[in-house]
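Q: Here it is, the structure, as structure tokens.
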Amino acid sequence: MSYSYEETSDEQLDIRDDLEMLRDALAYELQAISQYEEHLLYLQNEKAATAVEHIIEQEKEHVAELLRLIQTLDPVQAEKLKRIL
């Protein structure tokens with residue numbers, strides 16, 4: 001979304017701020033998944049590996065939830081995601 005300063009309402013600024021935070025959270029979740037998957041390669045204990053696999057699945061749910069929120073707040077990005085998913 002691009003708005004000139006004069007055209008940007010308080011609500012639009014709030015949405016833009018929310019989107020920035022959600023996108024940051026999404027990046028952190030994706031990074032966490034990558035790190036957990038890397039750790040999984042080296043874990044020897046089956047219980048530990050199972051626990052990390054469970055955590056990875058939870059992180060993936062977080063990614064999906066964040067993407068849904070971003071789509072709700074940014075119709076342009078929602079349309080782009082529809083085209084590629």
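In the structure tokens, chains take letters A, B, ... by order of appearance, with residues numbered from 1 within each chain and ligands from 1 in the order shown.
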Excluding range 14-30 of chain A and residues on its chain fewer than 6 positions from it, collect all residues at most 12 Å away from it, counting only C-alpha atoms, and give them as number ranges by chain.

A: A: 1-3, 8, 36-37, 55-75, 77

Q: Looking only at the backbone, which of the residues in chain A does DSSP tag as alpha helix (DSSP H), as JSON, numbers by chain?

A: {"A": [10, 11, 12, 13, 14, 15, 16, 17, 18, 19, 20, 21, 22, 23, 24, 25, 26, 27, 28, 29, 30, 31, 32, 33, 34, 35, 36, 37, 38, 39, 40, 41, 42, 46, 47, 48, 49, 50, 51, 52, 53, 54, 55, 56, 57, 58, 59, 60, 61, 62, 63, 64, 65, 66, 67, 68, 69, 70, 71, 72, 73, 75, 76, 77, 78, 79, 80, 81, 82, 83, 84]}

Q: Need to verify the contact set: Leu40 in chain A, 8 Å, only C-alpha atoms, exclusion of same-chain residues closer than 5 positions in sequence. Can you return it as an MDAnalysis selection string?

A: chainID A and resid 49 52:53

Q: Using Å and a single decimal, report how far CA of Leu13 in chain A sits from CA of Val76 in chain A.

A: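 Between CA of Val76 in chain A and CA of Leu13 in chain A the gap works out to 16.2 Å.
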